[in-house]
Amino acid sequence: MKKIKILHFVSGLISGGVEQMLYNYCKFMDHEKYEFVIVYQHVPVLTCIEKMESIGCKTIRITARSENLIKNIKDSIDVIQSEKPDIVHAHMNLMNFCALYAAKKCGVKVRISHSHIAEKNKGIMFNMMANVFKQMCIKYATAYFACGEEAGLYMYGKKKMEAGEVTIIQNAIDLQYFSKNKELNEHFRQTNNLNGKFIVGHIGRFSQQKNHNKLIDIFNEILKINENSFLLLVGTGELEDEIRRKVASLGISNNVLFYGTTDKMNEIYSVIDVLLLPSLFEGLPVVSIEVQAANVPAVFSSSIAPTCKITDAIRFVDLNKNDKEWAEETISHYLSFKPCDLTDLQEIYDIRSNEKKLDNIYNRLLNGV
């Protein structure tokens, strides 16, 4: 039987939430039925490539849009013509149209635009350009996906959402994998000399969206309350050097670990006492599901989609509150937190049931239903 080939277009493979979502679905979907190709643009994180290829995904790098937009589209056309996919599934948000235009030009019948974010606090010029890009995404796509309601409204508008034209694809995970593990906690603390520390964690790319400057300022205030605190930063990105300089300038380098990327995220969630995510905007971040599966208290900015809160593990704080208030809220949430019932989380976000749903959706699209 001929396999269904899907080309997933992403901006990069740098251990972000989109890649993790893709990894989860590609790992659990039937590899006897599907063939997955990941097309990316920027210099990758090696562990990301290895992780994707370890589950049978083929990876191909093309010219980045930021380097040469015309070459990017030409490369996309070349890859599509070479690979001959049944489906092109674009995960680049506002820039989905680049891959979808190429796919339409090559005659691919199923072209999916997938929205993973709901950007806020942007200027007038950005919003004007964004509206043009959204219309182009809609024009060249044959199906519209989003990670949540907010991301769907942002990309496709109220009319398409209310008409049921947008399919919500949950950022599903292997819930069992993230269960807290006492042995992993003890091993990590001993290995990194962190015994007895109050560990604040952050998981995400070093990018403007993730608001690391605010994060460091909040942690600096946490240190003033509890000098035994430690910040664990998981991820890489273009702003990492800038954040390293900020940490050094505040004189708190001994209390911060730039951990980089890892394929042992269950170990990270087992060791952190509380997660901080003061993002400027998000759709429905994968980390929000992971942290609840791990039953770890988390403090998120109120700019993050409220629908990500399934359990009381998540507390929202307004970005307009000062750093000291954020620090106090973080410690208060940690001290008052009690493990949550995960029944609702299991019903909505378990990857084993969600991959079956996506399998059915792909097949309906291919059959023109």
# chains A, B, ... in the order shown; residues from 1 in each chain; ligands from 1

$ closest_atom_pairs --of "stretch 222-294 of chain A" --to "stretch 19-25 of chain A" --cutoff "10 Å" --atoms "only C-alpha atoms" --output "Markdown table"
| residue | atom | partner | partner_atom | distance |
| --- | --- | --- | --- | --- |
| A:Pro285 | CA | A:Met21 | CA | 9.5 |
| A:Val286 | CA | A:Met21 | CA | 6.9 |
| A:Val287 | CA | A:Gln20 | CA | 9.4 |

$ write_last_selection --atoms "N, CA and C atoms" --output "mmCIF file, in the first residue's frame"
data_model
loop_
_atom_site.group_PDB
_atom_site.id
_atom_site.type_symbol
_atom_site.label_atom_id
_atom_site.label_comp_id
_atom_site.auth_asym_id
_atom_site.auth_seq_id
_atom_site.Cartn_x
_atom_site.Cartn_y
_atom_site.Cartn_z
ATOM 1 N N PRO A 285 0.346 27.280 24.204
ATOM 2 C CA PRO A 285 1.690 26.688 24.231
ATOM 3 C C PRO A 285 1.695 25.237 24.697
ATOM 4 N N VAL A 286 2.491 24.418 24.028
ATOM 5 C CA VAL A 286 2.638 23.012 24.409
ATOM 6 C C VAL A 286 3.087 22.895 25.867
ATOM 7 N N VAL A 287 3.949 23.810 26.286
ATOM 8 C CA VAL A 287 4.463 23.768 27.656
ATOM 9 C C VAL A 287 3.335 23.871 28.679
#

$ residues_around --residues "A:Ile310" --least-positions-apart "2" --cutoff "8 Å" --atoms "only C-alpha atoms" --output "list in words"
Gln292, Thr307, Cys308, Asp312, Asp344 and Leu345 of chain A

$ residues_around --residues "A:Lys2" --least-positions-apart "6" --cutoff "10 Å" --atoms "only C-alpha atoms" --output "PyMOL selection string"
chain A and resi 32-35

$ select_by_dssp --residues "stretch 17-247 of chain A" --states "alpha helix (DSSP H)" --output "JSON list (two decimals) with N, CA and C atoms, in the first residue's frame"
[["chain", "number", "residue", "atom", "x", "y", "z"],
["A", 17, "GLY", "N", 7.83, 25.03, 20.56],
["A", 17, "GLY", "CA", 6.59, 24.31, 20.78],
["A", 17, "GLY", "C", 6.02, 23.66, 19.54],
["A", 18, "VAL", "N", 6.18, 24.31, 18.37],
["A", 18, "VAL", "CA", 5.66, 23.74, 17.13],
["A", 18, "VAL", "C", 6.36, 22.42, 16.81],
["A", 19, "GLU", "N", 7.67, 22.42, 16.96],
["A", 19, "GLU", "CA", 8.42, 21.19, 16.69],
["A", 19, "GLU", "C", 8.03, 20.08, 17.65],
["A", 20, "GLN", "N", 7.78, 20.44, 18.92],
["A", 20, "GLN", "CA", 7.40, 19.42, 19.89],
["A", 20, "GLN", "C", 6.02, 18.85, 19.56],
["A", 21, "MET", "N", 5.12, 19.72, 19.15],
["A", 21, "MET", "CA", 3.79, 19.25, 18.74],
["A", 21, "MET", "C", 3.92, 18.29, 17.55],
["A", 22, "LEU", "N", 4.74, 18.67, 16.57],
["A", 22, "LEU", "CA", 4.95, 17.81, 15.40],
["A", 22, "LEU", "C", 5.56, 16.47, 15.80],
["A", 23, "TYR", "N", 6.55, 16.53, 16.67],
["A", 23, "TYR", "CA", 7.21, 15.31, 17.14],
["A", 23, "TYR", "C", 6.20, 14.36, 17.77],
["A", 24, "ASN", "N", 5.33, 14.90, 18.61],
["A", 24, "ASN", "CA", 4.34, 14.06, 19.30],
["A", 24, "ASN", "C", 3.42, 13.35, 18.31],
["A", 25, "TYR", "N", 2.90, 14.11, 17.33],
["A", 25, "TYR", "CA", 1.97, 13.50, 16.37],
["A", 25, "TYR", "C", 2.70, 12.53, 15.44],
["A", 26, "CYS", "N", 3.86, 12.94, 14.94],
["A", 26, "CYS", "CA", 4.59, 12.08, 14.00],
["A", 26, "CYS", "C", 5.06, 10.79, 14.68],
["A", 27, "LYS", "N", 5.36, 10.86, 15.95],
["A", 27, "LYS", "CA", 5.82, 9.67, 16.67],
["A", 27, "LYS", "C", 4.70, 8.65, 16.82],
["A", 28, "PHE", "N", 3.49, 9.11, 17.12],
["A", 28, "PHE", "CA", 2.41, 8.19, 17.46],
["A", 28, "PHE", "C", 1.53, 7.80, 16.28],
["A", 46, "LEU", "N", 20.91, 20.66, 16.70],
["A", 46, "LEU", "CA", 21.23, 19.29, 16.31],
["A", 46, "LEU", "C", 20.33, 18.26, 17.00],
["A", 47, "THR", "N", 20.06, 18.47, 18.30],
["A", 47, "THR", "CA", 19.22, 17.50, 19.02],
["A", 47, "THR", "C", 17.81, 17.45, 18.45],
["A", 48, "CYS", "N", 17.36, 18.57, 17.88],
["A", 48, "CYS", "CA", 16.04, 18.62, 17.25],
["A", 48, "CYS", "C", 15.99, 17.75, 16.01],
["A", 49, "ILE", "N", 17.02, 17.89, 15.18],
["A", 49, "ILE", "CA", 17.12, 17.08, 13.97],
["A", 49, "ILE", "C", 17.17, 15.60, 14.35],
["A", 50, "GLU", "N", 18.02, 15.28, 15.31],
["A", 50, "GLU", "CA", 18.19, 13.89, 15.73],
["A", 50, "GLU", "C", 16.88, 13.32, 16.27],
["A", 51, "LYS", "N", 16.15, 14.16, 17.02],
["A", 51, "LYS", "CA", 14.89, 13.70, 17.62],
["A", 51, "LYS", "C", 13.87, 13.38, 16.53],
["A", 52, "MET", "N", 13.76, 14.28, 15.54],
["A", 52, "MET", "CA", 12.81, 14.06, 14.45],
["A", 52, "MET", "C", 13.19, 12.84, 13.61],
["A", 53, "GLU", "N", 14.46, 12.71, 13.31],
["A", 53, "GLU", "CA", 14.91, 11.60, 12.47],
["A", 53, "GLU", "C", 14.83, 10.27, 13.21],
["A", 54, "SER", "N", 14.91, 10.32, 14.56],
["A", 54, "SER", "CA", 14.84, 9.08, 15.35],
["A", 54, "SER", "C", 13.47, 8.42, 15.27],
["A", 69, "LEU", "N", 13.41, 35.78, -0.10],
["A", 69, "LEU", "CA", 12.03, 35.30, -0.19],
["A", 69, "LEU", "C", 11.78, 34.54, -1.49],
["A", 70, "ILE", "N", 12.28, 35.08, -2.61],
["A", 70, "ILE", "CA", 12.06, 34.43, -3.91],
["A", 70, "ILE", "C", 12.71, 33.04, -3.93],
["A", 71, "LYS", "N", 13.94, 32.96, -3.42],
["A", 71, "LYS", "CA", 14.65, 31.68, -3.38],
["A", 71, "LYS", "C", 13.93, 30.71, -2.44],
["A", 72, "ASN", "N", 13.39, 31.24, -1.35],
["A", 72, "ASN", "CA", 12.64, 30.41, -0.41],
["A", 72, "ASN", "C", 11.45, 29.73, -1.12],
["A", 73, "ILE", "N", 10.70, 30.51, -1.88],
["A", 73, "ILE", "CA", 9.54, 29.96, -2.58],
["A", 73, "ILE", "C", 9.98, 28.99, -3.69],
["A", 74, "LYS", "N", 11.07, 29.35, -4.38],
["A", 74, "LYS", "CA", 11.59, 28.45, -5.43],
["A", 74, "LYS", "C", 12.04, 27.13, -4.81],
["A", 75, "ASP", "N", 12.75, 27.20, -3.68],
["A", 75, "ASP", "CA", 13.18, 25.98, -3.00],
["A", 75, "ASP", "C", 11.98, 25.14, -2.56],
["A", 76, "SER", "N", 10.93, 25.84, -2.09],
["A", 76, "SER", "CA", 9.72, 25.14, -1.67],
["A", 76, "SER", "C", 9.10, 24.38, -2.83],
["A", 77, "ILE", "N", 9.05, 25.06, -3.99],
["A", 77, "ILE", "CA", 8.51, 24.42, -5.19],
["A", 77, "ILE", "C", 9.35, 23.21, -5.58],
["A", 78, "ASP", "N", 10.67, 23.38, -5.53],
["A", 78, "ASP", "CA", 11.58, 22.28, -5.89],
["A", 78, "ASP", "C", 11.39, 21.07, -4.97],
["A", 79, "VAL", "N", 11.27, 21.33, -3.67],
["A", 79, "VAL", "CA", 11.09, 20.23, -2.70],
["A", 79, "VAL", "C", 9.76, 19.53, -2.95],
["A", 80, "ILE", "N", 8.71, 20.30, -3.17],
["A", 80, "ILE", "CA", 7.38, 19.72, -3.40],
["A", 80, "ILE", "C", 7.37, 18.88, -4.68],
["A", 81, "GLN", "N", 7.99, 19.40, -5.73],
["A", 81, "GLN", "CA", 8.05, 18.65, -6.99],
["A", 81, "GLN", "C", 8.86, 17.36, -6.83],
["A", 82, "SER", "N", 9.91, 17.43, -6.01],
["A", 82, "SER", "CA", 10.77, 16.27, -5.80],
["A", 82, "SER", "C", 10.10, 15.21, -4.92],
["A", 83, "GLU", "N", 9.46, 15.67, -3.84],
["A", 83, "GLU", "CA", 8.89, 14.74, -2.86],
["A", 83, "GLU", "C", 7.49, 14.24, -3.25],
["A", 96, "ASN", "N", 2.55, 31.14, 6.40],
["A", 96, "ASN", "CA", 2.11, 29.87, 5.81],
["A", 96, "ASN", "C", 1.90, 29.97, 4.30],
["A", 97, "PHE", "N", 1.50, 31.16, 3.84],
["A", 97, "PHE", "CA", 1.18, 31.32, 2.42],
["A", 97, "PHE", "C", 2.36, 31.01, 1.50],
["A", 98, "CYS", "N", 3.59, 31.18, 2.01],
["A", 98, "CYS", "CA", 4.76, 30.90, 1.16],
["A", 98, "CYS", "C", 4.77, 29.44, 0.71],
["A", 99, "ALA", "N", 4.61, 28.53, 1.67],
["A", 99, "ALA", "CA", 4.58, 27.10, 1.34],
["A", 99, "ALA", "C", 3.29, 26.72, 0.62],
["A", 100, "LEU", "N", 2.19, 27.35, 1.00],
["A", 100, "LEU", "CA", 0.89, 26.98, 0.40],
["A", 100, "LEU", "C", 0.78, 27.46, -1.04],
["A", 101, "TYR", "N", 1.35, 28.62, -1.34],
["A", 101, "TYR", "CA", 1.40, 29.10, -2.72],
["A", 101, "TYR", "C", 2.19, 28.12, -3.58],
["A", 102, "ALA", "N", 3.36, 27.71, -3.06],
["A", 102, "ALA", "CA", 4.20, 26.76, -3.79],
["A", 102, "ALA", "C", 3.46, 25.45, -4.01],
["A", 103, "ALA", "N", 2.72, 25.01, -2.97],
["A", 103, "ALA", "CA", 1.98, 23.76, -3.07],
["A", 103, "ALA", "C", 0.87, 23.84, -4.12],
["A", 104, "LYS", "N", 0.16, 24.97, -4.14],
["A", 104, "LYS", "CA", -0.90, 25.14, -5.14],
["A", 104, "LYS", "C", -0.31, 25.16, -6.55],
["A", 105, "LYS", "N", 0.81, 25.84, -6.71],
["A", 105, "LYS", "CA", 1.46, 25.92, -8.01],
["A", 105, "LYS", "C", 1.88, 24.53, -8.50],
["A", 124, "ILE", "N", 0.87, 49.41, 14.34],
["A", 124, "ILE", "CA", -0.08, 49.58, 13.24],
["A", 124, "ILE", "C", 0.46, 48.98, 11.94],
["A", 125, "MET", "N", 1.72, 49.26, 11.63],
["A", 125, "MET", "CA", 2.31, 48.76, 10.38],
["A", 125, "MET", "C", 2.33, 47.23, 10.37],
["A", 126, "PHE", "N", 2.72, 46.63, 11.51],
["A", 126, "PHE", "CA", 2.74, 45.18, 11.58],
["A", 126, "PHE", "C", 1.34, 44.61, 11.35],
["A", 127, "ASN", "N", 0.36, 45.20, 12.00],
["A", 127, "ASN", "CA", -1.01, 44.69, 11.87],
["A", 127, "ASN", "C", -1.55, 44.81, 10.45],
["A", 128, "MET", "N", -1.15, 45.88, 9.75],
["A", 128, "MET", "CA", -1.57, 46.04, 8.36],
["A", 128, "MET", "C", -0.98, 44.93, 7.49],
["A", 129, "MET", "N", 0.32, 44.68, 7.67],
["A", 129, "MET", "CA", 0.96, 43.61, 6.91],
["A", 129, "MET", "C", 0.39, 42.25, 7.30],
["A", 130, "ALA", "N", 0.13, 42.08, 8.59],
["A", 130, "ALA", "CA", -0.41, 40.81, 9.07],
["A", 130, "ALA", "C", -1.75, 40.50, 8.41],
["A", 131, "ASN", "N", -2.58, 41.50, 8.25],
["A", 131, "ASN", "CA", -3.89, 41.29, 7.63],
["A", 131, "ASN", "C", -3.76, 40.84, 6.18],
["A", 132, "VAL", "N", -2.77, 41.40, 5.48],
["A", 132, "VAL", "CA", -2.51, 40.98, 4.09],
["A", 132, "VAL", "C", -2.07, 39.51, 4.07],
["A", 133, "PHE", "N", -1.14, 39.16, 4.96],
["A", 133, "PHE", "CA", -0.62, 37.79, 5.01],
["A", 133, "PHE", "C", -1.72, 36.79, 5.38],
["A", 134, "LYS", "N", -2.59, 37.17, 6.31],
["A", 134, "LYS", "CA", -3.69, 36.28, 6.70],
["A", 134, "LYS", "C", -4.58, 35.96, 5.50],
["A", 135, "GLN", "N", -4.90, 36.99, 4.71],
["A", 135, "GLN", "CA", -5.74, 36.77, 3.54],
["A", 135, "GLN", "C", -5.06, 35.86, 2.52],
["A", 136, "MET", "N", -3.74, 35.99, 2.41],
["A", 136, "MET", "CA", -3.00, 35.13, 1.49],
["A", 136, "MET", "C", -2.97, 33.68, 1.99],
["A", 137, "CYS", "N", -2.86, 33.51, 3.30],
["A", 137, "CYS", "CA", -2.90, 32.16, 3.87],
["A", 137, "CYS", "C", -4.25, 31.52, 3.58],
["A", 138, "ILE", "N", -5.31, 32.28, 3.79],
["A", 138, "ILE", "CA", -6.67, 31.79, 3.55],
["A", 138, "ILE", "C", -6.86, 31.46, 2.06],
["A", 139, "LYS", "N", -6.33, 32.31, 1.19],
["A", 139, "LYS", "CA", -6.50, 32.12, -0.25],
["A", 139, "LYS", "C", -5.85, 30.84, -0.75],
["A", 140, "TYR", "N", -4.66, 30.52, -0.26],
["A", 140, "TYR", "CA", -3.92, 29.39, -0.81],
["A", 140, "TYR", "C", -4.14, 28.08, -0.05],
["A", 149, "GLU", "N", -8.74, 28.25, 20.13],
["A", 149, "GLU", "CA", -9.71, 29.24, 19.64],
["A", 149, "GLU", "C", -9.06, 30.59, 19.37],
["A", 150, "GLU", "N", -8.20, 31.05, 20.29],
["A", 150, "GLU", "CA", -7.57, 32.36, 20.12],
["A", 150, "GLU", "C", -6.70, 32.40, 18.86],
["A", 151, "ALA", "N", -5.93, 31.33, 18.63],
["A", 151, "ALA", "CA", -5.07, 31.26, 17.45],
["A", 151, "ALA", "C", -5.91, 31.20, 16.18],
["A", 152, "GLY", "N", -7.07, 30.54, 16.25],
["A", 152, "GLY", "CA", -7.96, 30.47, 15.10],
["A", 152, "GLY", "C", -8.58, 31.81, 14.78],
["A", 153, "LEU", "N", -9.07, 32.51, 15.80],
["A", 153, "LEU", "CA", -9.65, 33.85, 15.61],
["A", 153, "LEU", "C", -8.62, 34.81, 15.04],
["A", 154, "TYR", "N", -7.39, 34.72, 15.58],
["A", 154, "TYR", "CA", -6.33, 35.63, 15.13],
["A", 154, "TYR", "C", -6.03, 35.45, 13.64],
["A", 155, "MET", "N", -5.92, 34.21, 13.20],
["A", 155, "MET", "CA", -5.49, 33.96, 11.83],
["A", 155, "MET", "C", -6.63, 34.02, 10.82],
["A", 156, "TYR", "N", -7.80, 33.48, 11.17],
["A", 156, "TYR", "CA", -8.85, 33.30, 10.17],
["A", 156, "TYR", "C", -10.09, 34.17, 10.37],
["A", 158, "LYS", "N", -13.45, 35.81, 12.91],
["A", 158, "LYS", "CA", -14.64, 35.35, 13.63],
["A", 158, "LYS", "C", -15.60, 34.57, 12.73],
["A", 159, "LYS", "N", -15.80, 35.03, 11.49],
["A", 159, "LYS", "CA", -16.77, 34.39, 10.60],
["A", 159, "LYS", "C", -16.41, 32.94, 10.32],
["A", 160, "LYS", "N", -15.14, 32.69, 10.01],
["A", 160, "LYS", "CA", -14.72, 31.32, 9.71],
["A", 160, "LYS", "C", -14.79, 30.44, 10.95],
["A", 161, "MET", "N", -14.47, 31.02, 12.12],
["A", 161, "MET", "CA", -14.57, 30.25, 13.35],
["A", 161, "MET", "C", -16.03, 29.88, 13.64],
["A", 162, "GLU", "N", -16.92, 30.86, 13.54],
["A", 162, "GLU", "CA", -18.33, 30.60, 13.84],
["A", 162, "GLU", "C", -18.97, 29.67, 12.80],
["A", 182, "LYS", "N", 10.39, 11.06, 41.33],
["A", 182, "LYS", "CA", 11.26, 11.43, 42.45],
["A", 182, "LYS", "C", 12.72, 11.08, 42.18],
["A", 183, "GLU", "N", 12.97, 9.93, 41.55],
["A", 183, "GLU", "CA", 14.35, 9.51, 41.27],
["A", 183, "GLU", "C", 15.02, 10.46, 40.28],
["A", 184, "LEU", "N", 14.27, 10.88, 39.23],
["A", 184, "LEU", "CA", 14.82, 11.84, 38.26],
["A", 184, "LEU", "C", 15.13, 13.17, 38.94],
["A", 185, "ASN", "N", 14.24, 13.59, 39.84],
["A", 185, "ASN", "CA", 14.44, 14.84, 40.59],
["A", 185, "ASN", "C", 15.74, 14.78, 41.38],
["A", 186, "GLU", "N", 15.92, 13.72, 42.14],
["A", 186, "GLU", "CA", 17.11, 13.59, 42.99],
["A", 186, "GLU", "C", 18.38, 13.49, 42.16],
["A", 187, "HIS", "N", 18.32, 12.75, 41.06],
["A", 187, "HIS", "CA", 19.51, 12.59, 40.20],
["A", 187, "HIS", "C", 19.92, 13.93, 39.58],
["A", 188, "PHE", "N", 18.95, 14.69, 39.08],
["A", 188, "PHE", "CA", 19.25, 15.98, 38.45],
["A", 188, "PHE", "C", 19.85, 16.95, 39.47],
["A", 189, "ARG", "N", 19.25, 17.00, 40.65],
["A", 189, "ARG", "CA", 19.74, 17.93, 41.68],
["A", 189, "ARG", "C", 21.15, 17.57, 42.12],
["A", 190, "GLN", "N", 21.43, 16.29, 42.27],
["A", 190, "GLN", "CA", 22.77, 15.88, 42.68],
["A", 190, "GLN", "C", 23.79, 16.16, 41.59],
["A", 191, "THR", "N", 23.42, 15.85, 40.34],
["A", 191, "THR", "CA", 24.33, 16.04, 39.21],
["A", 191, "THR", "C", 24.68, 17.51, 39.01],
["A", 212, "HIS", "N", 12.11, 37.14, 28.00],
["A", 212, "HIS", "CA", 13.13, 36.75, 28.98],
["A", 212, "HIS", "C", 13.60, 37.92, 29.85],
["A", 213, "ASN", "N", 13.59, 39.13, 29.30],
["A", 213, "ASN", "CA", 14.01, 40.28, 30.12],
["A", 213, "ASN", "C", 13.14, 40.41, 31.36],
["A", 214, "LYS", "N", 11.84, 40.30, 31.17],
["A", 214, "LYS", "CA", 10.90, 40.34, 32.29],
["A", 214, "LYS", "C", 11.13, 39.15, 33.22],
["A", 215, "LEU", "N", 11.36, 38.00, 32.64],
["A", 215, "LEU", "CA", 11.60, 36.79, 33.42],
["A", 215, "LEU", "C", 12.79, 36.97, 34.38],
["A", 216, "ILE", "N", 13.88, 37.50, 33.86],
["A", 216, "ILE", "CA", 15.09, 37.69, 34.69],
["A", 216, "ILE", "C", 14.81, 38.69, 35.81],
["A", 217, "ASP", "N", 14.10, 39.76, 35.48],
["A", 217, "ASP", "CA", 13.78, 40.76, 36.51],
["A", 217, "ASP", "C", 12.90, 40.16, 37.61],
["A", 218, "ILE", "N", 11.95, 39.32, 37.22],
["A", 218, "ILE", "CA", 11.09, 38.66, 38.21],
["A", 218, "ILE", "C", 11.93, 37.74, 39.10],
["A", 219, "PHE", "N", 12.80, 36.96, 38.46],
["A", 219, "PHE", "CA", 13.62, 36.04, 39.25],
["A", 219, "PHE", "C", 14.54, 36.80, 40.20],
["A", 220, "ASN", "N", 15.05, 37.94, 39.77],
["A", 220, "ASN", "CA", 15.90, 38.76, 40.65],
["A", 220, "ASN", "C", 15.13, 39.17, 41.91],
["A", 221, "GLU", "N", 13.84, 39.44, 41.76],
["A", 221, "GLU", "CA", 12.99, 39.77, 42.91],
["A", 221, "GLU", "C", 12.72, 38.52, 43.77],
["A", 222, "ILE", "N", 12.58, 37.37, 43.12],
["A", 222, "ILE", "CA", 12.41, 36.12, 43.87],
["A", 222, "ILE", "C", 13.63, 35.86, 44.75],
["A", 223, "LEU", "N", 14.82, 36.14, 44.19],
["A", 223, "LEU", "CA", 16.06, 35.96, 44.95],
["A", 223, "LEU", "C", 16.10, 36.83, 46.20],
["A", 224, "LYS", "N", 15.52, 38.01, 46.12],
["A", 224, "LYS", "CA", 15.51, 38.91, 47.28],
["A", 224, "LYS", "C", 14.62, 38.36, 48.39],
["A", 225, "ILE", "N", 13.61, 37.58, 47.99],
["A", 225, "ILE", "CA", 12.71, 36.97, 48.97],
["A", 225, "ILE", "C", 13.30, 35.66, 49.49],
["A", 240, "GLU", "N", 19.82, 34.69, 23.32],
["A", 240, "GLU", "CA", 20.47, 34.05, 24.47],
["A", 240, "GLU", "C", 21.66, 34.85, 24.98],
["A", 241, "ASP", "N", 22.51, 35.33, 24.08],
["A", 241, "ASP", "CA", 23.70, 36.09, 24.52],
["A", 241, "ASP", "C", 23.30, 37.37, 25.25],
["A", 242, "GLU", "N", 22.26, 38.03, 24.77],
["A", 242, "GLU", "CA", 21.77, 39.24, 25.42],
["A", 242, "GLU", "C", 21.29, 38.95, 26.85],
["A", 243, "ILE", "N", 20.60, 37.85, 27.02],
["A", 243, "ILE", "CA", 20.10, 37.48, 28.35],
["A", 243, "ILE", "C", 21.24, 37.05, 29.26],
["A", 244, "ARG", "N", 22.24, 36.39, 28.70],
["A", 244, "ARG", "CA", 23.42, 36.03, 29.50],
["A", 244, "ARG", "C", 24.10, 37.29, 30.05],
["A", 245, "ARG", "N", 24.19, 38.32, 29.20],
["A", 245, "ARG", "CA", 24.81, 39.57, 29.64],
["A", 245, "ARG", "C", 23.97, 40.22, 30.75],
["A", 246, "LYS", "N", 22.67, 40.17, 30.61],
["A", 246, "LYS", "CA", 21.81, 40.76, 31.63],
["A", 246, "LYS", "C", 21.98, 40.05, 32.97],
["A", 247, "VAL", "N", 22.01, 38.73, 32.93],
["A", 247, "VAL", "CA", 22.20, 37.94, 34.15],
["A", 247, "VAL", "C", 23.52, 38.31, 34.82]]

$ select_by_dssp --residues "stretch 48-90 of chain A" --states "strand (DSSP E or B)" --output "JSON, numbers by chain"
{"A": [58, 59, 60, 61, 87, 88, 89, 90]}

$ residues_around --residues "A:His8" --least-positions-apart "5" --cutoff "9 Å" --atoms "only C-alpha atoms" --output "number ranges by chain"
A: 22, 36-40, 87-91

$ residues_around --residues "A:Tyr349" --least-positions-apart "2" --cutoff "8 Å" --atoms "only C-alpha atoms" --output "ChimeraX atom specification"
/A:170-173,175,289,345-347,351,354

$ write_last_selection --atoms "N, CA and C atoms" --output "compact mmCIF listing (two decimals), in the first residue's frame"
# COMPACT_ATOMS: atom_id res chain seq x y z
N GLN A 170 -5.51 19.83 18.89
CA GLN A 170 -4.94 20.01 20.22
C GLN A 170 -3.43 19.79 20.22
N ASN A 171 -2.73 20.58 21.04
CA ASN A 171 -1.30 20.36 21.24
C ASN A 171 -1.13 19.17 22.18
N ALA A 172 -1.48 18.00 21.68
CA ALA A 172 -1.53 16.80 22.49
C ALA A 172 -0.13 16.27 22.82
N ILE A 173 -0.04 15.60 23.97
CA ILE A 173 1.24 15.07 24.43
C ILE A 173 1.05 13.67 24.98
N LEU A 175 0.92 12.10 27.97
CA LEU A 175 0.73 12.54 29.35
C LEU A 175 1.50 11.69 30.35
N ILE A 289 0.45 22.46 28.54
CA ILE A 289 -0.12 21.12 28.71
C ILE A 289 0.87 20.23 29.46
N LEU A 345 -7.70 16.81 31.65
CA LEU A 345 -6.51 16.93 30.81
C LEU A 345 -6.35 15.67 29.97
N GLN A 346 -6.56 14.52 30.59
CA GLN A 346 -6.44 13.24 29.91
C GLN A 346 -7.43 13.15 28.76
N GLU A 347 -8.65 13.58 28.99
CA GLU A 347 -9.70 13.47 27.97
C GLU A 347 -9.43 14.35 26.76
N ILE A 351 -2.25 12.17 23.53
CA ILE A 351 -1.82 12.04 22.14
C ILE A 351 -2.39 10.79 21.48
N ASN A 354 -5.77 11.75 20.18
CA ASN A 354 -5.69 12.87 19.24
C ASN A 354 -5.04 12.49 17.92

$ closest_residue --among "A:Ile6, A:Leu275, A:Ala64, A:Leu232" --to "A:Lys109" --atoms "only C-alpha atoms"
A:Ile6

$ atom_distance --atom1 "atom CA of A:His31" --atom2 "atom CA of A:Tyr362"
14.2 Å

$ atom_distance --atom1 "atom CA of A:Val200" --atom2 "atom CA of A:Lys180"
15.6 Å
